[in-house]
>>> print(open('upload_34.cif').read())   # mmCIF, C-alpha atoms and all ligand atoms
data_data
#
loop_
_atom_site.group_PDB
_atom_site.id
_atom_site.type_symbol
_atom_site.label_atom_id
_atom_site.label_comp_id
_atom_site.auth_asym_id
_atom_site.auth_seq_id
_atom_site.Cartn_x
_atom_site.Cartn_y
_atom_site.Cartn_z
ATOM 1 C CA MET Q 1 20.949 -19.023 -14.808
ATOM 2 C CA ALA Q 2 18.765 -21.841 -13.395
ATOM 3 C CA ARG Q 3 15.067 -21.098 -13.931
ATOM 4 C CA PRO Q 4 13.023 -20.901 -10.699
ATOM 5 C CA SER Q 5 10.277 -23.498 -10.356
ATOM 6 C CA VAL Q 6 7.377 -21.334 -11.388
ATOM 7 C CA THR Q 7 3.818 -22.549 -11.988
ATOM 8 C CA ILE Q 8 1.467 -20.828 -14.429
ATOM 9 C CA ARG Q 9 -2.168 -21.254 -13.385
ATOM 10 C CA GLN Q 10 -5.586 -19.689 -13.706
ATOM 11 C CA TYR Q 11 -6.255 -16.558 -11.667
ATOM 12 C CA GLN Q 12 -8.196 -17.213 -8.445
ATOM 13 C CA THR Q 13 -10.162 -14.715 -6.359
ATOM 14 C CA HIS Q 14 -7.578 -14.619 -3.585
ATOM 15 C CA ASP Q 15 -4.910 -13.459 -6.086
ATOM 16 C CA ALA Q 16 -6.505 -10.002 -6.447
ATOM 17 C CA PRO Q 17 -4.269 -8.096 -3.973
ATOM 18 C CA SER Q 18 -1.070 -9.622 -5.413
ATOM 19 C CA VAL Q 19 -2.121 -8.928 -9.005
ATOM 20 C CA ALA Q 20 -3.025 -5.338 -8.066
ATOM 21 C CA ARG Q 21 0.365 -4.880 -6.405
ATOM 22 C CA ILE Q 22 2.235 -6.131 -9.466
ATOM 23 C CA TRP Q 23 0.152 -3.949 -11.820
ATOM 24 C CA ASP Q 24 0.572 -0.861 -9.671
ATOM 25 C CA SER Q 25 4.345 -1.258 -9.444
ATOM 26 C CA SER Q 26 4.686 -2.188 -13.138
ATOM 27 C CA PHE Q 27 2.276 0.217 -14.841
ATOM 28 C CA GLY Q 28 2.004 3.119 -12.385
ATOM 29 C CA ALA Q 29 -1.100 5.261 -12.238
ATOM 30 C CA GLY Q 30 -3.231 4.535 -15.274
ATOM 31 C CA THR Q 31 -6.604 5.620 -16.522
ATOM 32 C CA GLU Q 32 -9.720 5.004 -14.455
ATOM 33 C CA HIS Q 33 -10.794 1.928 -16.407
ATOM 34 C CA ASN Q 34 -7.379 0.338 -15.875
ATOM 35 C CA ALA Q 35 -7.544 0.596 -12.064
ATOM 36 C CA ALA Q 36 -6.838 -2.881 -10.711
ATOM 37 C CA PRO Q 37 -10.015 -3.481 -8.627
ATOM 38 C CA LEU Q 38 -12.290 -2.471 -11.529
ATOM 39 C CA ALA Q 39 -10.301 -4.193 -14.289
ATOM 40 C CA ILE Q 40 -9.899 -7.414 -12.292
ATOM 41 C CA SER Q 41 -13.573 -7.653 -11.343
ATOM 42 C CA LYS Q 42 -14.667 -6.979 -14.932
ATOM 43 C CA LYS Q 43 -12.336 -9.665 -16.255
ATOM 44 C CA VAL Q 44 -13.519 -12.166 -13.613
ATOM 45 C CA GLU Q 45 -17.149 -11.472 -14.684
ATOM 46 C CA GLN Q 46 -16.221 -12.751 -18.151
ATOM 47 C CA ALA Q 47 -15.242 -16.160 -16.680
ATOM 48 C CA ASP Q 48 -13.422 -16.905 -19.939
ATOM 49 C CA GLY Q 49 -10.425 -18.774 -18.501
ATOM 50 C CA LEU Q 50 -8.029 -16.228 -19.993
ATOM 51 C CA PHE Q 51 -6.561 -14.697 -16.852
ATOM 52 C CA PHE Q 52 -3.383 -16.272 -15.510
ATOM 53 C CA VAL Q 53 -0.843 -15.823 -12.777
ATOM 54 C CA ALA Q 54 2.697 -17.084 -12.331
ATOM 55 C CA GLU Q 55 3.290 -18.474 -8.851
ATOM 56 C CA LEU Q 56 6.507 -19.233 -7.012
ATOM 57 C CA ASP Q 57 6.486 -20.788 -3.543
ATOM 58 C CA GLY Q 58 2.864 -19.727 -3.028
ATOM 59 C CA ALA Q 59 3.455 -16.112 -4.074
ATOM 60 C CA VAL Q 60 2.085 -14.494 -7.225
ATOM 61 C CA ILE Q 61 5.023 -13.031 -9.157
ATOM 62 C CA GLY Q 62 3.479 -12.307 -12.554
ATOM 63 C CA THR Q 63 0.195 -12.058 -14.381
ATOM 64 C CA ILE Q 64 -1.385 -11.818 -17.834
ATOM 65 C CA MET Q 65 -4.840 -11.398 -19.323
ATOM 66 C CA ALA Q 66 -5.969 -12.431 -22.787
ATOM 67 C CA GLY Q 67 -9.216 -12.064 -24.684
ATOM 68 C CA TYR Q 68 -10.830 -13.739 -27.687
ATOM 69 C CA ASP Q 69 -13.881 -12.456 -29.541
ATOM 70 C CA GLY Q 70 -14.055 -15.139 -32.233
ATOM 71 C CA HIS Q 71 -12.005 -13.086 -34.677
ATOM 72 C CA ARG Q 72 -8.881 -11.847 -32.906
ATOM 73 C CA GLY Q 73 -7.073 -12.707 -29.748
ATOM 74 C CA TRP Q 74 -5.690 -9.969 -27.548
ATOM 75 C CA ILE Q 75 -3.094 -9.942 -24.827
ATOM 76 C CA TYR Q 76 -3.270 -7.404 -22.026
ATOM 77 C CA CYS Q 77 -1.782 -6.481 -18.689
ATOM 78 C CA LEU Q 78 1.323 -8.646 -18.755
ATOM 79 C CA ALA Q 79 3.582 -7.882 -15.825
ATOM 80 C CA VAL Q 80 6.264 -9.682 -13.839
ATOM 81 C CA GLY Q 81 7.385 -8.441 -10.420
ATOM 82 C CA ALA Q 82 10.507 -6.275 -10.795
ATOM 83 C CA ASP Q 83 12.717 -8.633 -8.776
ATOM 84 C CA MET Q 84 11.683 -11.650 -10.871
ATOM 85 C CA ARG Q 85 12.280 -10.314 -14.372
ATOM 86 C CA ARG Q 86 14.669 -11.731 -16.996
ATOM 87 C CA GLN Q 87 14.145 -15.310 -15.826
ATOM 88 C CA GLY Q 88 11.788 -16.406 -18.579
ATOM 89 C CA ILE Q 89 8.567 -15.857 -16.610
ATOM 90 C CA GLY Q 90 7.100 -13.258 -18.969
ATOM 91 C CA LYS Q 91 7.717 -15.599 -21.855
ATOM 92 C CA ARG Q 92 5.964 -18.461 -20.058
ATOM 93 C CA LEU Q 93 2.950 -16.260 -19.317
ATOM 94 C CA ILE Q 94 2.723 -15.330 -23.003
ATOM 95 C CA ALA Q 95 3.011 -19.000 -23.977
ATOM 96 C CA ALA Q 96 0.205 -19.962 -21.569
ATOM 97 C CA ALA Q 97 -2.104 -17.246 -22.907
ATOM 98 C CA GLU Q 98 -1.314 -18.134 -26.528
ATOM 99 C CA ALA Q 99 -1.909 -21.853 -25.879
ATOM 100 C CA GLU Q 100 -5.354 -21.097 -24.430
ATOM 101 C CA LEU Q 101 -6.185 -18.865 -27.414
ATOM 102 C CA VAL Q 102 -5.107 -21.587 -29.852
ATOM 103 C CA LYS Q 103 -7.371 -24.095 -28.049
ATOM 104 C CA ARG Q 104 -10.281 -21.746 -28.789
ATOM 105 C CA GLY Q 105 -9.428 -21.630 -32.505
ATOM 106 C CA CYS Q 106 -7.796 -18.208 -32.418
ATOM 107 C CA LEU Q 107 -5.653 -17.581 -35.510
ATOM 108 C CA LYS Q 108 -4.117 -14.186 -34.743
ATOM 109 C CA VAL Q 109 -3.212 -12.305 -31.605
ATOM 110 C CA ASN Q 110 -2.705 -8.558 -31.177
ATOM 111 C CA LEU Q 111 -1.350 -6.442 -28.396
ATOM 112 C CA GLN Q 112 -0.509 -2.825 -27.698
ATOM 113 C CA VAL Q 113 2.625 -1.501 -26.053
ATOM 114 C CA ARG Q 114 2.699 1.880 -24.376
ATOM 115 C CA ASN Q 115 5.278 4.002 -26.113
ATOM 116 C CA GLY Q 116 8.162 5.439 -24.117
ATOM 117 C CA PRO Q 117 11.565 4.603 -22.701
ATOM 118 C CA GLY Q 118 11.974 1.065 -21.364
ATOM 119 C CA ASN Q 119 8.855 -0.156 -23.151
ATOM 120 C CA ALA Q 120 8.325 -3.882 -23.671
ATOM 121 C CA SER Q 121 8.899 -3.939 -27.455
ATOM 122 C CA ASP Q 122 12.112 -5.970 -27.346
ATOM 123 C CA PHE Q 123 10.485 -8.494 -25.053
ATOM 124 C CA TYR Q 124 7.586 -8.983 -27.498
ATOM 125 C CA ARG Q 125 9.969 -9.220 -30.469
ATOM 126 C CA ASN Q 126 11.792 -11.947 -28.554
ATOM 127 C CA CYS Q 127 8.428 -13.721 -28.167
ATOM 128 C CA GLY Q 128 7.869 -13.677 -31.951
ATOM 129 C CA TYR Q 129 5.698 -10.543 -32.263
ATOM 130 C CA SER Q 130 6.368 -7.853 -34.834
ATOM 131 C CA VAL Q 131 5.232 -4.269 -35.290
ATOM 132 C CA GLU Q 132 2.385 -4.029 -37.814
ATOM 133 C CA ASP Q 133 1.507 -1.065 -39.979
ATOM 134 C CA ARG Q 134 -1.598 -0.009 -38.085
ATOM 135 C CA ILE Q 135 -2.732 3.087 -36.221
ATOM 136 C CA SER Q 136 -4.169 2.232 -32.837
ATOM 137 C CA PHE Q 137 -7.436 3.998 -31.933
ATOM 138 C CA GLY Q 138 -9.369 3.912 -28.703
ATOM 139 C CA LYS Q 139 -12.488 5.551 -27.281
ATOM 140 C CA LYS Q 140 -13.792 5.685 -23.752
ATOM 141 C CA LEU Q 141 -17.400 4.544 -23.450
ATOM 142 C CA TYR Q 142 -17.996 6.053 -20.016
HETATM 143 C C1 LIG E 201 7.888 -7.041 -20.137
HETATM 144 C C2 LIG E 201 8.013 -8.036 -18.993
HETATM 145 C C3 LIG E 201 6.667 -8.668 -18.710
HETATM 146 C C4 LIG E 201 9.022 -9.121 -19.373
HETATM 147 O O1 LIG E 201 9.009 -10.125 -18.374
HETATM 148 P P1 LIG E 201 10.310 -11.005 -18.076
HETATM 149 O O2 LIG E 201 9.878 -12.126 -17.197
HETATM 150 O O3 LIG E 201 11.402 -10.149 -17.578
HETATM 151 O O4 LIG E 201 10.669 -11.511 -19.536
HETATM 152 P P2 LIG E 201 11.518 -12.819 -19.921
HETATM 153 O O5 LIG E 201 12.549 -13.077 -18.887
HETATM 154 O O6 LIG E 201 10.566 -13.917 -20.241
HETATM 155 O O7 LIG E 201 12.217 -12.281 -21.240
HETATM 156 C C5 LIG E 201 12.385 -13.048 -22.394
HETATM 157 C C6 LIG E 201 13.308 -12.306 -23.319
HETATM 158 O O8 LIG E 201 12.730 -11.052 -23.706
HETATM 159 C C7 LIG E 201 13.732 -10.055 -23.796
HETATM 160 N N1 LIG E 201 13.499 -9.004 -22.796
HETATM 161 C C8 LIG E 201 12.791 -9.086 -21.653
HETATM 162 N N2 LIG E 201 12.749 -7.893 -21.027
HETATM 163 C C9 LIG E 201 13.469 -7.068 -21.787
HETATM 164 C C10 LIG E 201 13.810 -5.707 -21.665
HETATM 165 N N3 LIG E 201 13.402 -4.961 -20.621
HETATM 166 N N4 LIG E 201 14.562 -5.147 -22.618
HETATM 167 C C11 LIG E 201 15.029 -5.880 -23.666
HETATM 168 N N5 LIG E 201 14.727 -7.200 -23.834
HETATM 169 C C12 LIG E 201 13.960 -7.761 -22.916
HETATM 170 C C13 LIG E 201 15.036 -10.700 -23.523
HETATM 171 O O9 LIG E 201 15.584 -11.097 -24.756
HETATM 172 C C14 LIG E 201 14.648 -11.913 -22.719
HETATM 173 O O10 LIG E 201 15.560 -12.935 -22.891
HETATM 174 P P3 LIG E 201 16.918 -12.940 -21.990
HETATM 175 O O11 LIG E 201 16.477 -12.964 -20.557
HETATM 176 O O12 LIG E 201 17.563 -14.185 -22.432
HETATM 177 O O13 LIG E 201 17.665 -11.716 -22.336
HETATM 178 C C15 LIG E 201 8.561 -7.333 -17.700
HETATM 179 O O14 LIG E 201 9.745 -6.647 -18.029
HETATM 180 C C16 LIG E 201 7.569 -6.367 -17.088
HETATM 181 O O15 LIG E 201 6.724 -6.756 -16.297
HETATM 182 N N6 LIG E 201 7.691 -5.082 -17.447
HETATM 183 C C17 LIG E 201 6.815 -4.045 -16.878
HETATM 184 C C18 LIG E 201 5.392 -4.160 -17.376
HETATM 185 C C19 LIG E 201 5.291 -4.105 -18.876
HETATM 186 O O16 LIG E 201 5.929 -3.304 -19.544
HETATM 187 N N7 LIG E 201 4.436 -4.991 -19.407
HETATM 188 C C20 LIG E 201 4.131 -5.041 -20.820
HETATM 189 C C21 LIG E 201 2.937 -4.201 -21.053
HETATM 190 S S1 LIG E 201 2.632 -4.020 -22.770
#
>>> encode(input="upload_34.cif", output="structure tokens", more="lines below")
Ligand SMILES: CC(C)(COP(=O)(O)OP(=O)(O)OC[C@H]1O[C@@H](n2cnc3c(N)ncnc32)[C@H](O)[C@@H]1OP(=O)(O)O)[C@@H](O)C(=O)NCCC(=O)NCCS
Amino acid sequence: MARPSVTIRQYQTHDAPSVARIWDSSFGAGTEHNAAPLAISKKVEQADGLFFVAELDGAVIGTIMAGYDGHRGWIYCLAVGADMRRQGIGKRLIAAAEAELVKRGCLKVNLQVRNGPGNASDFYRNCGYSVEDRISFGKKLY
């Protein structure tokens, strides 16, 4: 199928409602700290250039966040609008985030996938990621 002419660019303030819509429809109700308005504003405060959107004809159709702490890179909150999936957009968002991490000297990137039916594991395998023998821990700090 012909790929739509999609641009990957840095997130801008006016993208917030579109990003929130895509998150809400892709991830459903999450924990408090994952709520779009809070998570977006906290990421924007970082001003680290690691928040991207995919745009088609002026509309935001996908989004991804990454992080780099000098040791590891992380990828978070990747989502493509349901009607735009399986056209290579997720893969391009990953590539954009990885390229920015590489520019910063990042040598290794990690990500977490929520377990359950229809999870994104096969997508990430297709992007070159593999499951590592780790146990994922987390702790709320609020
Ligand atoms: C995961 C997600 C971002 C993939 O985006 P996408 O734009 O559809 O992915 P791409 O078209 O770039 O897929 C590239 C390849 O990955 C694989 N792939 C993608 N989605 C897949 C799925 N649901 N099941 C199996 N393989 C999949 C395919 O091999 C695909 O190549 P193909 O189109 O030639 O078959 C999208 O399905 C999504 O937003 N899901 C809901 C949110 C989510 O789960 N995000 C990840 C959080 S960890």
>>> residues_near_ligand(input="upload_34.cif", ligand="ligand LIG 201 (chain E)", cutoff="8 Å", atoms="all atoms listed in the file", output="PyMOL selection string")
chain Q and resi 23+26-27+62+76-82+84-92+111-114+118-127
>>> resolve_selection(input="upload_34.cif", expression="the PyMOL selection byres (((chain Q and resi 105-107) around 10) and not hetatm)", output="ChimeraX atom specification")
/Q:67-74,98-104,108-109
>>> resolve_selection(input="upload_34.cif", expression="the PyMOL selection byres (((chain Q and resi 12) around 12) and not hetatm)", output="list in words")
Ile8, Arg9, Gln10, Tyr11, Thr13, His14, Asp15, Ala16, Pro17, Ser18, Val19, Ile40, Ser41, Lys43, Val44, Ala47, Gly49, Leu50, Phe51, Phe52, Val53, Ala54, Glu55, Val60 and Thr63 of chain Q
>>> write_last_selection(input="upload_34.cif", atoms="C-alpha atoms", output="PDB file, keeping the file's coordinate frame")
ATOM      1  CA  ILE Q   8       1.467 -20.828 -14.429  1.00  0.00           C
ATOM      2  CA  ARG Q   9      -2.168 -21.254 -13.385  1.00  0.00           C
ATOM      3  CA  GLN Q  10      -5.586 -19.689 -13.706  1.00  0.00           C
ATOM      4  CA  TYR Q  11      -6.255 -16.558 -11.667  1.00  0.00           C
ATOM      5  CA  THR Q  13     -10.162 -14.715  -6.359  1.00  0.00           C
ATOM      6  CA  HIS Q  14      -7.578 -14.619  -3.585  1.00  0.00           C
ATOM      7  CA  ASP Q  15      -4.910 -13.459  -6.086  1.00  0.00           C
ATOM      8  CA  ALA Q  16      -6.505 -10.002  -6.447  1.00  0.00           C
ATOM      9  CA  PRO Q  17      -4.269  -8.096  -3.973  1.00  0.00           C
ATOM     10  CA  SER Q  18      -1.070  -9.622  -5.413  1.00  0.00           C
ATOM     11  CA  VAL Q  19      -2.121  -8.928  -9.005  1.00  0.00           C
ATOM     12  CA  ILE Q  40      -9.899  -7.414 -12.292  1.00  0.00           C
ATOM     13  CA  SER Q  41     -13.573  -7.653 -11.343  1.00  0.00           C
ATOM     14  CA  LYS Q  43     -12.336  -9.665 -16.255  1.00  0.00           C
ATOM     15  CA  VAL Q  44     -13.519 -12.166 -13.613  1.00  0.00           C
ATOM     16  CA  ALA Q  47     -15.242 -16.160 -16.680  1.00  0.00           C
ATOM     17  CA  GLY Q  49     -10.425 -18.774 -18.501  1.00  0.00           C
ATOM     18  CA  LEU Q  50      -8.029 -16.228 -19.993  1.00  0.00           C
ATOM     19  CA  PHE Q  51      -6.561 -14.697 -16.852  1.00  0.00           C
ATOM     20  CA  PHE Q  52      -3.383 -16.272 -15.510  1.00  0.00           C
ATOM     21  CA  VAL Q  53      -0.843 -15.823 -12.777  1.00  0.00           C
ATOM     22  CA  ALA Q  54       2.697 -17.084 -12.331  1.00  0.00           C
ATOM     23  CA  GLU Q  55       3.290 -18.474  -8.851  1.00  0.00           C
ATOM     24  CA  VAL Q  60       2.085 -14.494  -7.225  1.00  0.00           C
ATOM     25  CA  THR Q  63       0.195 -12.058 -14.381  1.00  0.00           C
TER      26      THR Q  63
END
>>> closest_residue(input="upload_34.cif", among="Q:Gly138, Q:Thr7, Q:Ala20, Q:Ile94", to="Ile64 of chain Q", atoms="only C-alpha atoms")
Q:Ile94
>>> atom_distance(input="upload_34.cif", atom1="atom CA of Leu38 of chain Q", atom2="atom CA of Val131 of chain Q")
29.6 Å
>>> atom_distance(input="upload_34.cif", atom1="atom CA of Ala39 of chain Q", atom2="atom CA of Lys139 of chain Q")
16.4 Å
>>> closest_residue(input="upload_34.cif", among="Q:Glu32, Q:Lys42, Q:Arg21, Q:Gly58", to="Ser5 of chain Q", atoms="only C-alpha atoms")
Q:Gly58
>>> atom_distance(input="upload_34.cif", atom1="atom CA of Gly30 of chain Q", atom2="atom CA of Asp133 of chain Q")
25.8 Å
>>> axis_aligned_box(input="upload_34.cif", around="segment 58-65 of chain Q", padding_each_side="5 Å", output="lines of an AutoDock Vina configuration file")
center_x = 0.1
center_y = -15.6
center_z = -11.2
size_x = 19.9
size_y = 18.3
size_z = 26.3
>>> build_atoms(input="upload_34.cif", residues="segment 28-52 of chain Q", atoms="N, CA and C atoms", output="PDB file, in the frame of the given file")
ATOM      1  N   GLY Q  28       2.226   1.800 -12.975  1.00  0.00           N
ATOM      2  CA  GLY Q  28       2.004   3.119 -12.385  1.00  0.00           C
ATOM      3  C   GLY Q  28       0.536   3.519 -12.485  1.00  0.00           C
ATOM      4  N   ALA Q  29       0.289   4.784 -12.215  1.00  0.00           N
ATOM      5  CA  ALA Q  29      -1.100   5.261 -12.238  1.00  0.00           C
ATOM      6  C   ALA Q  29      -1.597   5.264 -13.681  1.00  0.00           C
ATOM      7  N   GLY Q  30      -2.685   4.593 -13.919  1.00  0.00           N
ATOM      8  CA  GLY Q  30      -3.231   4.535 -15.274  1.00  0.00           C
ATOM      9  C   GLY Q  30      -4.559   5.259 -15.333  1.00  0.00           C
ATOM     10  N   THR Q  31      -5.286   5.017 -16.409  1.00  0.00           N
ATOM     11  CA  THR Q  31      -6.604   5.620 -16.522  1.00  0.00           C
ATOM     12  C   THR Q  31      -7.580   4.875 -15.616  1.00  0.00           C
ATOM     13  N   GLU Q  32      -8.692   5.535 -15.369  1.00  0.00           N
ATOM     14  CA  GLU Q  32      -9.720   5.004 -14.455  1.00  0.00           C
ATOM     15  C   GLU Q  32     -10.104   3.553 -14.771  1.00  0.00           C
ATOM     16  N   HIS Q  33     -10.316   3.270 -16.059  1.00  0.00           N
ATOM     17  CA  HIS Q  33     -10.794   1.928 -16.407  1.00  0.00           C
ATOM     18  C   HIS Q  33      -9.706   0.864 -16.271  1.00  0.00           C
ATOM     19  N   ASN Q  34      -8.458   1.308 -16.083  1.00  0.00           N
ATOM     20  CA  ASN Q  34      -7.379   0.338 -15.875  1.00  0.00           C
ATOM     21  C   ASN Q  34      -7.086   0.095 -14.396  1.00  0.00           C
ATOM     22  N   ALA Q  35      -7.788   0.781 -13.494  1.00  0.00           N
ATOM     23  CA  ALA Q  35      -7.544   0.596 -12.064  1.00  0.00           C
ATOM     24  C   ALA Q  35      -7.766  -0.871 -11.714  1.00  0.00           C
ATOM     25  N   ALA Q  36      -6.832  -1.432 -10.941  1.00  0.00           N
ATOM     26  CA  ALA Q  36      -6.838  -2.881 -10.711  1.00  0.00           C
ATOM     27  C   ALA Q  36      -8.179  -3.430 -10.197  1.00  0.00           C
ATOM     28  N   PRO Q  37      -8.784  -2.858  -9.142  1.00  0.00           N
ATOM     29  CA  PRO Q  37     -10.015  -3.481  -8.627  1.00  0.00           C
ATOM     30  C   PRO Q  37     -11.110  -3.568  -9.688  1.00  0.00           C
ATOM     31  N   LEU Q  38     -11.259  -2.497 -10.485  1.00  0.00           N
ATOM     32  CA  LEU Q  38     -12.290  -2.471 -11.529  1.00  0.00           C
ATOM     33  C   LEU Q  38     -11.931  -3.453 -12.653  1.00  0.00           C
ATOM     34  N   ALA Q  39     -10.699  -3.360 -13.140  1.00  0.00           N
ATOM     35  CA  ALA Q  39     -10.301  -4.193 -14.289  1.00  0.00           C
ATOM     36  C   ALA Q  39     -10.331  -5.672 -13.917  1.00  0.00           C
ATOM     37  N   ILE Q  40      -9.902  -6.002 -12.704  1.00  0.00           N
ATOM     38  CA  ILE Q  40      -9.899  -7.414 -12.292  1.00  0.00           C
ATOM     39  C   ILE Q  40     -11.327  -7.921 -12.179  1.00  0.00           C
ATOM     40  N   SER Q  41     -12.206  -7.142 -11.529  1.00  0.00           N
ATOM     41  CA  SER Q  41     -13.573  -7.653 -11.343  1.00  0.00           C
ATOM     42  C   SER Q  41     -14.290  -7.772 -12.688  1.00  0.00           C
ATOM     43  N   LYS Q  42     -14.023  -6.872 -13.612  1.00  0.00           N
ATOM     44  CA  LYS Q  42     -14.667  -6.979 -14.932  1.00  0.00           C
ATOM     45  C   LYS Q  42     -14.151  -8.199 -15.697  1.00  0.00           C
ATOM     46  N   LYS Q  43     -12.877  -8.476 -15.573  1.00  0.00           N
ATOM     47  CA  LYS Q  43     -12.336  -9.665 -16.255  1.00  0.00           C
ATOM     48  C   LYS Q  43     -12.917 -10.938 -15.623  1.00  0.00           C
ATOM     49  N   VAL Q  44     -12.988 -10.970 -14.301  1.00  0.00           N
ATOM     50  CA  VAL Q  44     -13.519 -12.166 -13.613  1.00  0.00           C
ATOM     51  C   VAL Q  44     -14.971 -12.419 -14.035  1.00  0.00           C
ATOM     52  N   GLU Q  45     -15.744 -11.331 -14.215  1.00  0.00           N
ATOM     53  CA  GLU Q  45     -17.149 -11.472 -14.684  1.00  0.00           C
ATOM     54  C   GLU Q  45     -17.230 -12.222 -16.008  1.00  0.00           C
ATOM     55  N   GLN Q  46     -16.213 -12.080 -16.841  1.00  0.00           N
ATOM     56  CA  GLN Q  46     -16.221 -12.751 -18.151  1.00  0.00           C
ATOM     57  C   GLN Q  46     -16.093 -14.265 -18.012  1.00  0.00           C
ATOM     58  N   ALA Q  47     -15.435 -14.718 -16.940  1.00  0.00           N
ATOM     59  CA  ALA Q  47     -15.242 -16.160 -16.680  1.00  0.00           C
ATOM     60  C   ALA Q  47     -14.812 -16.887 -17.953  1.00  0.00           C
ATOM     61  N   ASP Q  48     -13.824 -16.338 -18.646  1.00  0.00           N
ATOM     62  CA  ASP Q  48     -13.422 -16.905 -19.939  1.00  0.00           C
ATOM     63  C   ASP Q  48     -12.163 -17.761 -19.864  1.00  0.00           C
ATOM     64  N   GLY Q  49     -11.622 -17.938 -18.639  1.00  0.00           N
ATOM     65  CA  GLY Q  49     -10.425 -18.774 -18.501  1.00  0.00           C
ATOM     66  C   GLY Q  49      -9.194 -18.185 -19.153  1.00  0.00           C
ATOM     67  N   LEU Q  50      -9.162 -16.867 -19.311  1.00  0.00           N
ATOM     68  CA  LEU Q  50      -8.029 -16.228 -19.993  1.00  0.00           C
ATOM     69  C   LEU Q  50      -7.332 -15.206 -19.088  1.00  0.00           C
ATOM     70  N   PHE Q  51      -7.225 -15.552 -17.839  1.00  0.00           N
ATOM     71  CA  PHE Q  51      -6.561 -14.697 -16.852  1.00  0.00           C
ATOM     72  C   PHE Q  51      -5.646 -15.623 -16.043  1.00  0.00           C
ATOM     73  N   PHE Q  52      -4.362 -15.352 -16.097  1.00  0.00           N
ATOM     74  CA  PHE Q  52      -3.383 -16.272 -15.510  1.00  0.00           C
ATOM     75  C   PHE Q  52      -2.463 -15.554 -14.538  1.00  0.00           C
TER      76      PHE Q  52
END
